[in-house]
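The structure appears right after this line, and notes come after that.
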Amino acid sequence: MRMLGSLFFWGFMVASSILLFPVAVVIWLATVRFDQRRWVIHRFTSLWASLYTWLNPAWRVRVIGRELLHEDGPTVLVANHRSLVDILVLFRLQTHFRWVSKQENFRVPCVGWNMTLCDYIPLRRGSASSIQTMMRHCDRALAGGNSIFMFPEGTRSSTGRLRSFKPGAFEIAKRNEVPIQPIILRGTSEALPKRGFILQGRHAISIEVLDVIPAAEVAACESAEMLERVRAVIADSLKDEKPAE
């Protein structure tokens, strides 16, 4: 049954993406000249991605602390990373941001092409020049009033244990003097583990928005110290969870 359910889910995703990408192109063409933030196309993308959690009866997604989201200006949002499902789930926040994502994702037909329309930010892992290009792209996005979203672990955890954080998100927040918003994901690794594409039945999934760290505190703190502070906050919230075997 899990195999059949997974085939249906991924088949629906492929078919719906083929149908919805042309709509995204039309929206982009109609708005790109006046919508420099790509707010309209990102909002459409948020609804598109949310279809897969709204319509999946096996995933009960709950957003906790949505009212804590800092939406009065650009922010660096950071979350733990457990599953491919994380990306779909986080669109349920229905807030404006630009993803920082590995370059390979931009090559995925329809979905990756839409990421380019949204001006999401590519990163080639292990490339110093790509990291610098990504950081400059983030600087421009923040200067234009856009929040950015990053997974500071860099890649998905295969056990559910929080991995070490990379410094990029915290350096970007400090030099742009913007707040940092920690977010915690739960249940996604149980729904779809890192290895494989077979959905694992019914699971409760949650997004918990934590208190924003104000820009003044970010600016006054060394990036490495802020990295450890945010990691400690997220780790403390996850400490009662049992890691995957």
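By convention in this document, the chains of the structure tokens carry letters A, B, ... by their order, each chain's residues are numbered from 1, and ligands are numbered from 1 in the order they are shown.
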Within 8 Å of range 84-103 of chain A, which residues of range 128-166 of chain A show up? Give each one with its shortest atom-to-atom distance in Å (one decimal) and the two atoms involved, counting only C-alpha atoms, rows by chain then rising residue number, as a Markdown table.
```
| residue | atom | partner | partner_atom | distance |
| --- | --- | --- | --- | --- |
| A:Met134 | CA | A:Val100 | CA | 7.9 |
| A:Ala141 | CA | A:Arg98 | CA | 7.8 |
| A:Asn146 | CA | A:Phe97 | CA | 5.7 |
| A:Ser147 | CA | A:Phe97 | CA | 4.4 |
| A:Ile148 | CA | A:Arg98 | CA | 4.6 |
| A:Phe149 | CA | A:Trp99 | CA | 4.9 |
| A:Met150 | CA | A:Val100 | CA | 5.5 |
| A:Arg156 | CA | A:Leu84 | CA | 7.9 |
```
| query | Excluding same-chain residues fewer than 6 positions from range 230-235 of chain A, what lies within 8 Å of it counting only C-alpha atoms, as a ChimeraX atom specification? | reply | /A:80,162,165,182-184
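Note that the spacing between CA of Arg66 in chain A and CA of Arg163 in chain A amounts to 25.1 Å.
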Name the residues of range 42-238 of chain A that fall into helix (DSSP H, G or I) according to DSSP on the backbone, using the chain letters and numbers of this document, as number ranges by chain. A: 42-54, 66-68, 85-93, 103-107, 111-117, 128-143, 168-176, 188-191, 215-220, 223-238
Tell me, counting only C-alpha atoms, for each residue of range 74-135 of chain A within 9 Å of range 22-25 of chain A, which pair of atoms is nearest and how far apart they are in Å to one decimal, in rows ordered by chain and increasing number, as CSV.
```
residue,atom,partner,partner_atom,distance
A:Cys110,CA,A:Pro22,CA,8.6
A:Asn114,CA,A:Ala24,CA,7.0
A:Leu117,CA,A:Val25,CA,7.7
```
8 Å contact set for Leu199 in chain A, only C-alpha atoms, chain neighbours under 3 positions out, as JSON, numbers by chain:
{"A": [2, 3, 5, 6, 191, 192]}
Keeping only C-alpha atoms, write the selected residues as a PDB file, in the first residue's frame.
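That gives us part.pdb:
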```
ATOM      1  CA  ARG A   2       2.842   2.397   0.786  1.00  0.00           C
ATOM      2  CA  MET A   3       4.360   1.731  -2.615  1.00  0.00           C
ATOM      3  CA  GLY A   5       0.434   5.525  -2.291  1.00  0.00           C
ATOM      4  CA  SER A   6       3.917   6.789  -3.075  1.00  0.00           C
ATOM      5  CA  ALA A 191       6.955  10.816   6.770  1.00  0.00           C
ATOM      6  CA  LEU A 192       9.763  10.516   4.208  1.00  0.00           C
TER       7      LEU A 192
END
```
Checklist line | Contacts of range 204-220 of chain A at 10 Å (only C-alpha atoms; same-chain gap of 6+ positions) as a ChimeraX atom specification | finding: /A:53,58-70,75-77,79,85-86,89-90,92-93,170-171,173-191,226,230,233-234,237
